[in-house]
file query_12.txt (compact mmCIF, C-alpha atoms and all ligand atoms)
# COMPACT_ATOMS: atom_id res chain seq x y z
CA MET X 825 -7.04 -16.89 31.35
CA THR X 826 -4.25 -14.52 30.29
CA SER X 827 -5.09 -10.85 30.59
CA ILE X 828 -5.29 -9.44 27.06
CA THR X 829 -4.74 -5.95 28.42
CA GLU X 830 -1.43 -7.16 29.72
CA LEU X 831 -0.56 -8.83 26.40
CA VAL X 832 -1.29 -5.61 24.53
CA ASP X 833 0.91 -3.73 26.96
CA ARG X 834 3.71 -6.23 26.43
CA TYR X 835 3.19 -5.97 22.67
CA GLY X 836 3.67 -2.20 22.83
CA ARG X 837 6.94 -2.60 24.73
CA PHE X 838 8.12 -5.28 22.30
CA ARG X 839 7.41 -3.03 19.30
CA SER X 840 9.20 0.00 20.73
CA ASN X 841 12.42 -1.99 20.80
CA VAL X 842 12.48 -3.56 17.34
CA LEU X 843 13.30 -2.19 13.92
CA ASN X 844 10.30 -2.65 11.64
CA LEU X 845 11.10 -3.26 7.97
CA GLN X 846 7.76 -4.68 6.92
CA ALA X 847 6.82 -3.29 3.50
CA SER X 848 3.06 -3.27 4.24
CA GLU X 849 3.35 -1.29 7.44
CA ASN X 850 4.09 2.15 8.76
CA TYR X 851 4.37 3.96 12.05
CA ILE X 852 1.42 6.07 13.19
CA CYS X 853 1.97 9.39 14.89
CA PRO X 854 0.45 10.26 18.31
CA HIS X 855 -2.33 12.38 16.74
CA VAL X 856 -3.47 9.51 14.54
CA ARG X 857 -3.29 7.19 17.57
CA MET X 858 -5.31 9.68 19.61
CA ALA X 859 -8.08 9.76 17.01
CA LEU X 860 -8.16 5.95 16.81
CA GLY X 861 -8.49 5.63 20.56
CA SER X 862 -11.07 8.41 20.86
CA ASP X 863 -14.78 8.20 21.62
CA LEU X 864 -15.47 8.13 17.86
CA GLY X 865 -14.39 4.47 17.94
CA SER X 866 -17.78 3.28 19.15
CA ARG X 867 -19.98 5.60 17.06
CA TYR X 868 -22.06 5.45 13.94
CA ALA X 869 -22.58 8.08 11.30
CA HIS X 870 -24.32 7.81 7.99
CA ILE X 871 -25.18 10.75 5.79
CA MET X 872 -28.40 9.94 3.91
CA PRO X 873 -29.14 11.05 0.33
CA ASP X 874 -31.19 14.00 1.69
CA GLY X 875 -28.06 15.30 3.47
CA ASN X 876 -29.22 14.44 7.00
CA ASN X 877 -27.36 11.99 9.16
CA ALA X 878 -29.29 8.86 10.14
CA TYR X 879 -27.75 9.11 13.63
CA GLY X 880 -27.91 11.81 16.28
CA GLY X 881 -24.96 13.57 17.86
CA THR X 882 -23.12 13.61 14.55
CA SER X 883 -22.59 17.25 13.61
CA LEU X 884 -18.87 17.16 14.54
CA THR X 885 -18.54 13.68 13.04
CA ASP X 886 -19.87 15.07 9.76
CA GLU X 887 -17.45 17.97 9.94
CA ILE X 888 -14.53 15.56 10.45
CA TYR X 889 -15.74 13.41 7.57
CA LYS X 890 -15.95 16.36 5.21
CA GLU X 891 -12.56 17.75 6.31
CA THR X 892 -10.97 14.31 5.76
CA GLN X 893 -12.52 14.05 2.31
CA ASP X 894 -11.28 17.55 1.42
CA SER X 895 -7.78 16.79 2.72
CA ILE X 896 -7.53 13.60 0.66
CA LYS X 897 -8.78 15.44 -2.45
CA LYS X 898 -6.22 18.15 -1.90
CA LEU X 899 -3.40 15.66 -1.30
CA TYR X 900 -4.00 13.82 -4.58
CA ASN X 901 -5.46 16.72 -6.49
CA SER X 902 -8.50 14.57 -7.24
CA ARG X 903 -12.01 15.81 -7.92
CA PHE X 904 -13.63 13.09 -5.83
CA ALA X 905 -12.58 10.90 -2.91
CA GLU X 906 -14.34 8.01 -1.19
CA VAL X 907 -12.70 7.75 2.26
CA ARG X 908 -14.88 5.11 3.86
CA PRO X 909 -13.48 1.75 2.64
CA ILE X 910 -12.09 -0.06 5.65
CA GLY X 911 -9.16 -1.50 3.69
CA GLY X 912 -7.45 -1.56 0.32
CA HIS X 913 -9.22 -4.83 -0.39
CA VAL X 914 -12.65 -3.28 0.19
CA ALA X 915 -11.66 -0.34 -2.05
CA ALA X 916 -10.72 -2.94 -4.70
CA GLU X 917 -14.15 -4.58 -4.34
CA ILE X 918 -15.83 -1.22 -4.86
CA ALA X 919 -13.67 -0.39 -7.90
CA LEU X 920 -14.42 -3.78 -9.46
CA LEU X 921 -18.16 -3.61 -8.77
CA ILE X 922 -18.26 -0.26 -10.56
CA SER X 923 -16.30 -1.48 -13.57
CA VAL X 924 -17.17 -5.11 -14.24
CA LYS X 925 -20.59 -6.72 -14.54
CA ARG X 926 -21.29 -10.31 -13.51
CA GLY X 927 -19.93 -12.50 -16.30
CA GLY X 928 -17.37 -9.84 -17.26
CA LYS X 929 -13.58 -10.04 -17.47
CA ILE X 930 -10.52 -8.44 -15.90
CA MET X 931 -6.80 -8.66 -16.53
CA ALA X 932 -4.35 -8.30 -13.64
CA ILE X 933 -0.69 -9.03 -12.92
CA ASP X 934 -0.14 -12.61 -11.77
CA GLU X 935 0.80 -13.20 -8.13
CA ASN X 936 3.93 -14.98 -9.38
CA HIS X 937 5.04 -11.59 -10.67
CA GLY X 938 4.16 -9.80 -7.46
CA GLY X 939 0.49 -9.15 -8.27
CA TYR X 940 -2.17 -9.12 -5.54
CA THR X 941 -3.57 -12.55 -4.70
CA GLY X 942 -7.08 -11.08 -4.37
CA TYR X 943 -7.26 -10.67 -8.17
CA MET X 944 -6.40 -14.30 -8.83
CA LYS X 945 -9.21 -16.59 -10.05
CA GLY X 946 -10.39 -18.13 -6.79
CA TYR X 947 -10.77 -14.86 -4.92
CA LEU X 948 -12.51 -11.65 -6.03
CA PRO X 949 -13.21 -12.84 -9.61
CA GLU X 950 -14.95 -16.00 -8.40
CA MET X 951 -16.76 -14.14 -5.65
CA PHE X 952 -18.13 -11.50 -8.04
CA GLY X 953 -18.72 -13.90 -10.92
CA PHE X 954 -16.23 -12.71 -13.50
CA SER X 955 -13.23 -14.27 -15.15
CA SER X 956 -9.65 -13.08 -15.04
CA GLY X 957 -6.67 -13.19 -17.36
CA THR X 958 -3.09 -12.24 -16.57
CA ILE X 959 -1.15 -9.23 -17.78
CA PRO X 960 2.06 -10.44 -19.50
CA TYR X 961 5.03 -9.38 -17.40
CA ILE X 962 8.81 -9.42 -17.82
CA GLN X 963 10.15 -10.50 -14.45
CA GLU X 964 13.82 -9.54 -15.01
CA LYS X 965 12.91 -5.99 -15.95
CA GLN X 966 9.96 -5.69 -13.57
CA GLU X 967 7.96 -4.35 -16.49
CA ILE X 968 4.72 -5.17 -18.23
CA ASP X 969 5.27 -6.77 -21.64
CA TYR X 970 3.34 -4.00 -23.38
CA GLU X 971 3.40 -5.48 -26.87
CA ARG X 972 2.06 -8.82 -25.72
CA LEU X 973 -0.51 -7.11 -23.52
CA GLU X 974 -1.76 -5.12 -26.51
CA LYS X 975 -2.17 -8.30 -28.56
CA GLU X 976 -3.74 -10.36 -25.80
CA ALA X 977 -6.11 -7.65 -24.60
CA LEU X 978 -7.41 -7.20 -28.15
CA THR X 979 -8.54 -10.82 -28.19
CA TYR X 980 -9.46 -11.19 -24.49
CA ARG X 981 -11.36 -7.87 -24.35
CA PRO X 982 -11.34 -7.26 -20.58
CA ASP X 983 -13.85 -4.86 -18.99
CA ALA X 984 -11.07 -3.65 -16.72
CA ILE X 985 -7.29 -3.76 -16.66
CA VAL X 986 -6.20 -3.76 -13.03
CA LEU X 987 -2.67 -2.52 -12.34
CA GLY X 988 -0.75 -2.53 -9.07
CA GLN X 989 1.32 -5.11 -7.21
CA SER X 990 2.16 -6.18 -3.70
CA PHE X 991 5.77 -6.66 -4.73
CA PHE X 992 5.93 -3.25 -6.34
CA LEU X 993 9.24 -1.75 -7.46
CA LYS X 994 8.60 0.24 -10.61
CA PRO X 995 5.84 2.44 -12.07
CA TYR X 996 4.17 1.63 -15.42
CA ASP X 997 3.93 3.29 -18.79
CA LEU X 998 0.37 4.33 -18.00
CA LYS X 999 -0.19 6.47 -21.05
CA ARG X 1000 0.37 3.44 -23.22
CA ILE X 1001 -2.09 1.34 -21.23
CA ARG X 1002 -4.64 4.17 -21.27
CA GLU X 1003 -4.47 4.22 -25.06
CA LEU X 1004 -4.98 0.47 -25.13
CA CYS X 1005 -7.96 0.74 -22.76
CA ASP X 1006 -9.52 3.42 -24.95
CA ARG X 1007 -9.11 1.21 -28.00
CA ILE X 1008 -10.82 -1.80 -26.42
CA GLY X 1009 -13.32 0.10 -24.26
CA SER X 1010 -11.86 -1.12 -20.98
CA LYS X 1011 -11.65 0.66 -17.64
CA LEU X 1012 -8.19 1.26 -16.19
CA LEU X 1013 -8.00 0.62 -12.44
CA TYR X 1014 -4.85 1.39 -10.46
CA ASP X 1015 -4.39 -0.43 -7.16
CA GLY X 1016 -1.83 1.76 -5.39
CA SER X 1017 -2.14 -0.01 -2.01
CA HIS X 1018 1.59 -0.22 -1.46
CA VAL X 1019 2.49 3.14 -2.93
CA MET X 1020 -0.28 5.57 -1.93
CA GLY X 1021 2.17 7.47 0.31
CA LEU X 1022 4.72 7.71 -2.50
CA ILE X 1023 2.08 8.88 -4.98
CA ALA X 1024 0.97 11.48 -2.42
CA GLY X 1025 4.61 12.60 -2.18
CA LYS X 1026 4.87 12.76 -5.99
CA LYS X 1027 7.73 10.26 -6.14
CA PHE X 1028 6.00 7.34 -7.86
CA GLN X 1029 3.63 7.19 -10.83
CA ASN X 1030 2.79 10.87 -10.82
CA ASP X 1031 0.31 10.28 -13.64
CA ALA X 1032 -1.69 7.62 -11.73
CA LEU X 1033 -4.87 9.66 -11.56
CA LYS X 1034 -4.36 11.37 -14.89
CA TYR X 1035 -4.57 8.13 -16.87
CA SER X 1036 -6.55 5.71 -14.72
CA ASP X 1037 -10.30 5.83 -14.20
CA ILE X 1038 -9.95 4.93 -10.54
CA LEU X 1039 -6.95 5.07 -8.21
CA PHE X 1040 -7.46 3.23 -4.94
CA GLY X 1041 -5.55 1.49 -2.17
CA SER X 1042 -4.59 1.04 1.45
CA THR X 1043 -3.86 3.96 3.76
CA HIS X 1044 -1.28 2.29 5.98
CA LYS X 1045 1.53 0.92 3.84
CA SER X 1046 3.60 3.82 2.52
CA PHE X 1047 0.72 6.15 3.53
CA PHE X 1048 0.86 7.41 7.14
CA GLY X 1049 -1.90 5.14 8.52
CA PRO X 1050 -4.42 4.31 9.98
CA GLN X 1051 -5.32 0.94 8.44
CA GLY X 1052 -8.02 1.53 5.84
CA GLY X 1053 -8.59 2.31 2.18
CA ILE X 1054 -9.43 5.18 -0.17
CA LEU X 1055 -10.78 5.43 -3.69
CA LEU X 1056 -10.14 8.42 -5.97
CA THR X 1057 -11.51 9.46 -9.32
CA ASN X 1058 -11.97 12.57 -11.42
CA GLN X 1059 -15.21 11.29 -12.95
CA GLU X 1060 -18.43 12.28 -11.19
CA GLU X 1061 -20.46 9.33 -12.43
CA LEU X 1062 -17.85 6.84 -11.18
CA PHE X 1063 -17.77 8.58 -7.81
CA HIS X 1064 -21.55 8.23 -7.44
CA GLN X 1065 -21.25 4.57 -8.28
CA ALA X 1066 -18.47 4.24 -5.70
CA GLU X 1067 -20.70 5.78 -3.05
CA PHE X 1068 -23.50 3.42 -4.08
CA ASN X 1069 -21.21 0.39 -3.83
CA THR X 1070 -19.87 1.36 -0.41
CA VAL X 1071 -22.69 1.55 2.15
CA TRP X 1072 -24.85 -1.60 2.38
CA ARG X 1073 -23.00 -3.36 -0.41
CA THR X 1074 -19.36 -3.83 0.56
CA MET X 1075 -19.70 -2.50 4.11
CA ASP X 1076 -21.85 -0.52 6.54
CA ASN X 1077 -20.19 1.37 9.42
CA TYR X 1078 -17.16 3.28 8.18
CA HIS X 1079 -15.50 3.52 11.62
CA PRO X 1080 -15.54 7.31 12.23
CA ASN X 1081 -12.43 7.15 14.45
CA ARG X 1082 -10.51 5.68 11.53
CA VAL X 1083 -11.72 8.39 9.15
CA ALA X 1084 -10.67 11.08 11.64
CA ALA X 1085 -7.24 9.45 11.91
CA LEU X 1086 -7.03 9.27 8.13
CA GLY X 1087 -7.70 13.00 7.83
CA ILE X 1088 -4.91 13.78 10.30
CA ALA X 1089 -2.49 11.53 8.41
CA ALA X 1090 -3.49 13.16 5.11
CA GLN X 1091 -2.78 16.63 6.50
CA ASP X 1092 0.69 15.45 7.59
CA LEU X 1093 1.29 14.14 4.08
CA ILE X 1094 0.16 17.44 2.58
CA ALA X 1095 2.80 19.16 4.72
CA PHE X 1096 5.66 16.65 4.52
CA GLY X 1097 4.85 14.04 1.87
CA GLU X 1098 7.32 15.13 -0.79
CA ASP X 1099 10.29 15.17 1.57
CA TYR X 1100 9.25 11.84 3.13
CA ALA X 1101 8.73 10.10 -0.21
CA SER X 1102 12.03 11.20 -1.71
CA LYS X 1103 13.91 10.01 1.41
CA ILE X 1104 12.17 6.64 1.21
CA VAL X 1105 13.24 6.01 -2.38
CA ASN X 1106 16.82 7.03 -1.53
CA ASN X 1107 16.78 4.71 1.46
CA SER X 1108 15.51 1.75 -0.62
CA LYS X 1109 18.24 2.19 -3.20
CA GLY X 1110 20.84 2.82 -0.47
CA LEU X 1111 19.89 -0.28 1.50
CA GLY X 1112 19.89 -2.44 -1.64
CA LYS X 1113 23.40 -1.31 -2.48
CA ALA X 1114 24.69 -1.56 1.09
CA LEU X 1115 23.32 -5.10 1.53
CA GLU X 1116 24.80 -6.22 -1.76
CA GLU X 1117 28.21 -4.84 -0.69
CA ARG X 1118 27.98 -7.01 2.42
CA GLY X 1119 27.28 -10.18 0.46
CA ILE X 1120 23.49 -10.20 0.89
CA PRO X 1121 22.09 -10.57 -2.64
CA VAL X 1122 19.27 -8.16 -3.54
CA GLN X 1123 17.26 -8.36 -6.77
CA PHE X 1124 17.57 -5.91 -9.66
CA GLN X 1125 21.02 -4.51 -9.21
CA PRO X 1126 21.97 -1.72 -9.86
CA TRP X 1127 18.63 0.12 -9.65
CA TYR X 1128 17.07 -2.14 -6.96
CA SER X 1129 13.87 -0.17 -6.54
CA GLU X 1130 12.01 3.01 -7.31
CA SER X 1131 9.63 2.49 -4.40
CA HIS X 1132 9.63 1.85 -0.65
CA GLN X 1133 10.62 -1.81 -0.89
CA ILE X 1134 13.48 -3.98 -2.06
CA LEU X 1135 13.42 -7.72 -2.70
CA LEU X 1136 16.05 -10.10 -1.38
CA SER X 1137 17.30 -12.40 -4.10
CA PRO X 1138 16.30 -16.10 -3.92
CA LYS X 1139 20.04 -16.76 -4.27
CA ILE X 1140 20.23 -16.04 -0.56
CA ASN X 1141 18.18 -19.17 0.21
CA GLU X 1142 20.98 -21.58 -0.73
CA ARG X 1143 23.37 -20.00 1.73
CA TYR X 1144 21.21 -18.75 4.58
CA GLY X 1145 17.93 -20.68 4.40
CA SER X 1146 14.38 -19.90 3.26
CA PHE X 1147 12.87 -16.43 3.60
CA LEU X 1148 10.90 -17.77 6.55
CA GLU X 1149 14.08 -18.92 8.28
CA ILE X 1150 15.83 -15.65 7.53
CA SER X 1151 12.88 -13.64 8.86
CA ARG X 1152 12.88 -15.71 12.07
CA LYS X 1153 16.60 -15.23 12.51
CA LEU X 1154 16.26 -11.47 12.02
CA GLU X 1155 13.34 -11.35 14.45
CA LYS X 1156 15.49 -12.96 17.16
CA ASN X 1157 17.78 -9.97 16.69
CA GLY X 1158 14.99 -7.39 16.82
CA ILE X 1159 14.56 -6.85 13.08
CA ILE X 1160 11.05 -7.44 11.76
CA CYS X 1161 10.35 -8.23 8.10
CA ASP X 1162 7.95 -10.50 6.24
CA ARG X 1163 8.58 -14.10 5.21
CA GLU X 1164 8.61 -13.41 1.49
CA GLY X 1165 11.89 -11.58 1.02
CA ARG X 1166 10.50 -8.04 1.00
CA ILE X 1167 12.19 -5.30 2.98
CA GLY X 1168 10.28 -2.02 3.33
CA LEU X 1169 11.64 1.39 4.27
CA SER X 1170 8.51 3.46 4.97
CA GLU X 1171 8.52 3.09 8.73
CA ALA X 1172 12.30 3.31 9.14
CA THR X 1173 12.27 6.53 7.12
CA ARG X 1174 9.48 7.93 9.25
CA ARG X 1175 11.48 7.08 12.36
CA GLY X 1176 14.28 9.22 10.92
CA PHE X 1177 16.73 6.51 9.87
CA ASN X 1178 18.83 7.49 6.88
CA ASP X 1179 22.10 5.67 7.63
CA MET X 1180 21.53 2.62 5.45
CA ASP X 1181 25.09 1.34 5.96
CA ARG X 1182 24.43 0.83 9.64
CA ILE X 1183 21.10 -0.91 9.03
CA ALA X 1184 22.60 -3.07 6.27
CA SER X 1185 25.42 -4.14 8.61
CA ALA X 1186 22.95 -5.12 11.30
CA ILE X 1187 20.85 -7.12 8.83
CA SER X 1188 23.76 -8.88 7.17
CA GLU X 1189 25.56 -9.73 10.43
CA ALA X 1190 22.31 -11.07 11.89
CA ILE X 1191 21.70 -13.21 8.79
CA LYS X 1192 25.25 -14.51 9.04
CA GLY X 1193 24.57 -15.58 12.62
CA LYS X 1194 26.04 -12.82 14.78
CA ASP X 1195 24.06 -11.60 17.79
CA MET X 1196 22.93 -8.07 16.90
CA ARG X 1197 20.37 -7.52 19.66
CA SER X 1198 22.26 -4.81 21.51
CA GLU X 1199 23.09 -3.04 18.23
CA ILE X 1200 19.37 -2.95 17.32
CA THR X 1201 18.49 -1.68 20.81
CA ASP X 1202 21.06 1.04 20.28
CA ILE X 1203 19.70 1.90 16.84
CA MET X 1204 16.16 2.08 18.23
CA ARG X 1205 17.31 4.43 20.97
CA GLY X 1206 17.94 6.90 18.18
CA ALA X 1207 14.46 6.46 16.67
CA GLY X 1208 12.50 9.66 16.30
CA LEU X 1209 9.31 10.65 14.59
CA ARG X 1210 9.49 12.74 11.47
CA TYR X 1211 6.88 14.27 9.19
CA CYS X 1212 4.32 14.78 11.92
CA LYS X 1213 2.74 18.14 12.80
C1 LIG X 1301 -2.21 -4.93 0.68
C2 LIG X 1301 -2.86 -4.96 -0.65
C3 LIG X 1301 -4.26 -4.97 -0.78
C4 LIG X 1301 -5.17 -5.17 0.41
O1 LIG X 1301 -5.17 -4.06 1.22
P1 LIG X 1301 -5.75 -4.09 2.72
O2 LIG X 1301 -5.60 -2.68 3.12
O3 LIG X 1301 -4.91 -5.05 3.49
O4 LIG X 1301 -7.18 -4.52 2.64
C5 LIG X 1301 -4.82 -4.84 -2.04
N1 LIG X 1301 -4.03 -4.73 -3.13
C6 LIG X 1301 -2.67 -4.74 -3.05
C7 LIG X 1301 -1.87 -4.59 -4.30
C8 LIG X 1301 -2.05 -4.87 -1.82
O5 LIG X 1301 -0.72 -4.91 -1.74
call {"tool": "encode", "arguments": {"input": "query_12.txt", "output": "structure tokens"}}
result
Amino acid sequence: MTSITELVDRYGRFRSNVLNLQASENYICPHVRMALGSDLGSRYAHIMPDGNNAYGGTSLTDEIYKETQDSIKKLYNSRFAEVRPIGGHVAAEIALLISVKRGGKIMAIDENHGGYTGYMKGYLPEMFGFSSGTIPYIQEKQEIDYERLEKEALTYRPDAIVLGQSFFLKPYDLKRIRELCDRIGSKLLYDGSHVMGLIAGKKFQNDALKYSDILFGSTHKSFFGPQGGILLTNQEELFHQAEFNTVWRTMDNYHPNRVAALGIAAQDLIAFGEDYASKIVNNSKGLGKALEERGIPVQFQPWYSESHQILLSPKINERYGSFLEISRKLEKNGIICDREGRIGLSEATRRGFNDMDRIASAISEAIKGKDMRSEITDIMRGAGLRYCK
């Protein structure tokens, strides 16, 4: 039997030496790590409707919970925040359970246009017993086809329009969709899983909470970690329904160590989020341009992205192999990215990297077959940790 302790130790050493460009991930600071590894990690806490906790020894746990909730509310300027969902997916379940009855309908962006697979027919809709239609989308512009959506939603009559994508480059015209939702009596749900850190830093869809009924998403993609989810709303009734749909419906134990870590990350974002988010967007655009200049085709030239991720162009596959092959080749050189052509800049920005020419050279040379291992080791020697109190 291999010692797992040893494997985890090796994993830590492996990670400290590689450049992580995975769009769904981020780097967690030592305070967040400390909270995750603390005694809270094996505890329970559950505040009952009468205000008492169902478990003993929880007065500090309750204080942490409340402080985390307040920090999240402050960060997003929201009236209410549900901080317990253990992932963006669970937050999505809660948002859908609030908004759509069994037999109801949603519309979401198709996964072929970068939408989240969980909203496709066979997943959450089938599980919760509702049907789903797709939001018309113009791939070349990375924009919703608003006119077609208006026509189709008037006939389809969804109970909820669910926005948000996993391949997420551009914000939406939310005001327009809000008006449509008001006309057809539909809820507007915004899945910000990928961009919660950018929204917190006011660099992406600043009107997300103004126009949607519920804004929710993961806390570990562009947000500063830990892995988990949050759900925000300005409507009291929706918040009570969110609370109702959390404990004993979509989950039970909220993992108090995770909530403590979330509060710490939120306080870092309150302090540094705007600076962090604007650097990320600059880095995305800069890397897109720098890769293109080195013959690595990136989609949506010349704007590339308004978020934390850029998308390699499928044109690259003819010359350098599938995204899987490219990812494997990069990994051999110490560069980690997914197998779907996404490159994310959240973690690199947090580690203090702003020289996109150097990173683009390393990526393009590695793709072209040069051994870049010592260059990546050298780059990682310069890694720091920014935006952490
Ligand atoms: C990642 C993602 C999710 C799922 O989030 P988890 O935190 O992994 O549960 C949901 N929606 C979108 C759009 C995502 O990108």
call {"tool": "atom_distance", "arguments": {"input": "query_12.txt", "atom1": "atom CA of Gly1158 of chain X", "atom2": "atom CA of Val1122 of chain X"}}
result
20.8 Å
call {"tool": "residues_near_ligand", "arguments": {"input": "query_12.txt", "ligand": "ligand LIG 1301 (chain X)", "cutoff": "7 Å", "atoms": "only C-alpha atoms and all ligand atoms", "output": "list of chain:residue names"}}
result
X:Ser848, X:Gly911, X:Gly912, X:His913, X:Val914, X:Ala916, X:Gly939, X:Tyr940, X:Gly988, X:Gln989, X:Ser990, X:Asp1015, X:Gly1016, X:Ser1017, X:His1018, X:Gly1041, X:Ser1042, X:Thr1043, X:Gln1051, X:Gly1052, X:Gly1053
call {"tool": "closest_residue", "arguments": {"input": "query_12.txt", "among": "X:Asn1106, X:Ser902, X:Thr941, X:Asn1157", "to": "Phe1040 of chain X", "atoms": "all atoms listed in the file"}}
result
X:Ser902
call {"tool": "closest_residue", "arguments": {"input": "query_12.txt", "among": "X:Ile1140, X:Leu1004, X:Ala1084, X:Leu1039", "to": "Glu976 of chain X", "atoms": "all atoms listed in the file"}}
result
X:Leu1004
call {"tool": "residues_near_point", "arguments": {"input": "query_12.txt", "point": "(0.7, 9.1, -11.4)", "cutoff": "10 Å", "atoms": "all atoms listed in the file", "output": "ChimeraX atom specification"}}
result
/X:900,995-998,1014,1016,1022-1024,1026-1036,1039
call {"tool": "closest_atom_pairs", "arguments": {"input": "query_12.txt", "of": "segment 832-889 of chain X", "to": "segment 1071-1076 of chain X", "cutoff": "10 Å", "atoms": "all atoms listed in the file", "output": "tab-separated table"}}
result
residue	atom	partner	partner_atom	distance
X:Tyr868	CA	X:Asp1076	CA	9.5
X:Ala869	CA	X:Asp1076	CA	9.9
X:His870	CA	X:Val1071	CA	8.7
call {"tool": "closest_residue", "arguments": {"input": "query_12.txt", "among": "X:Leu993, X:Ile1088, X:Met825, X:Leu987", "to": "Glu964 of chain X", "atoms": "all atoms listed in the file"}}
result
X:Leu993
call {"tool": "residues_around", "arguments": {"input": "query_12.txt", "residues": "segment 850-864 of chain X", "least_positions_apart": "4", "cutoff": "9 Å", "atoms": "only C-alpha atoms", "output": "NGL selection string"}}
result
:X and (844-846 or 868 or 885 or 1044-1050 or 1079-1089 or 1169-1172 or 1174-1175 or 1209-1213)
call {"tool": "closest_residue", "arguments": {"input": "query_12.txt", "among": "X:Asn1141, X:Asn841, X:Ala847, X:Ile922", "to": "His1064 of chain X", "atoms": "all atoms listed in the file"}}
result
X:Ile922
call {"tool": "atom_distance", "arguments": {"input": "query_12.txt", "atom1": "atom CA of Leu1013 of chain X", "atom2": "atom CA of His1132 of chain X"}}
result
21.2 Å
call {"tool": "residues_around", "arguments": {"input": "query_12.txt", "residues": "Gly1025 of chain X", "least_positions_apart": "3", "cutoff": "6 Å", "atoms": "only C-alpha atoms", "output": "list in words"}}
result
Leu1022, Gly1097, Glu1098 and Ala1101 of chain X
call {"tool": "closest_residue", "arguments": {"input": "query_12.txt", "among": "X:Gly1208, X:Gly1193, X:Ile1187, X:Lys898", "to": "Leu1093 of chain X", "atoms": "all atoms listed in the file"}}
result
X:Lys898
call {"tool": "closest_residue", "arguments": {"input": "query_12.txt", "among": "X:Ser955, X:Gln1123, X:Asn1178, X:Ser1151", "to": "Asn1107 of chain X", "atoms": "all atoms listed in the file"}}
result
X:Asn1178
call {"tool": "atom_distance", "arguments": {"input": "query_12.txt", "atom1": "atom CA of Glu1061 of chain X", "atom2": "atom CA of Ser923 of chain X"}}
result
11.6 Å
call {"tool": "residues_around", "arguments": {"input": "query_12.txt", "residues": "Glu1067 of chain X", "least_positions_apart": "2", "cutoff": "10 Å", "atoms": "only C-alpha atoms", "output": "ChimeraX atom specification"}}
result
/X:905-908,918,922,1055,1062-1065,1069-1071,1073
call {"tool": "decode", "arguments": {"input": "query_12.txt", "residues": "segment 844-855 of chain X", "atoms": "N, CA and C atoms", "output": "short mmCIF file (atom, residue, chain, number, x, y, z; two decimals), in the first residue's frame"}}
result
data_model
loop_
_atom_site.label_atom_id
_atom_site.label_comp_id
_atom_site.auth_asym_id
_atom_site.auth_seq_id
_atom_site.Cartn_x
_atom_site.Cartn_y
_atom_site.Cartn_z
N ASN X 844 0.37 27.34 -12.76
CA ASN X 844 -1.02 26.91 -12.92
C ASN X 844 -1.84 27.93 -13.70
N LEU X 845 -2.34 27.50 -14.85
CA LEU X 845 -3.17 28.37 -15.69
C LEU X 845 -4.56 27.78 -15.87
N GLN X 846 -5.04 27.07 -14.88
CA GLN X 846 -6.36 26.47 -14.97
C GLN X 846 -7.41 27.52 -14.61
N ALA X 847 -8.38 27.71 -15.53
CA ALA X 847 -9.34 28.80 -15.37
C ALA X 847 -10.26 28.61 -14.16
N SER X 848 -10.46 27.36 -13.72
CA SER X 848 -11.38 27.09 -12.61
C SER X 848 -10.70 27.14 -11.26
N GLU X 849 -9.42 27.46 -11.24
CA GLU X 849 -8.69 27.34 -9.98
C GLU X 849 -8.03 28.65 -9.56
N ASN X 850 -7.62 28.66 -8.31
CA ASN X 850 -6.92 29.81 -7.76
C ASN X 850 -5.96 29.32 -6.69
N TYR X 851 -5.17 30.22 -6.19
CA TYR X 851 -4.19 29.88 -5.17
C TYR X 851 -4.74 30.36 -3.83
N ILE X 852 -4.67 29.52 -2.79
CA ILE X 852 -5.19 29.99 -1.51
C ILE X 852 -4.06 30.45 -0.60
N CYS X 853 -4.33 31.52 0.12
CA CYS X 853 -3.28 32.11 0.96
C CYS X 853 -3.13 31.32 2.26
N PRO X 854 -2.03 31.51 2.98
CA PRO X 854 -1.78 30.71 4.20
C PRO X 854 -2.89 30.83 5.25
N HIS X 855 -3.57 31.97 5.34
CA HIS X 855 -4.63 32.11 6.35
C HIS X 855 -5.83 31.23 6.01
#
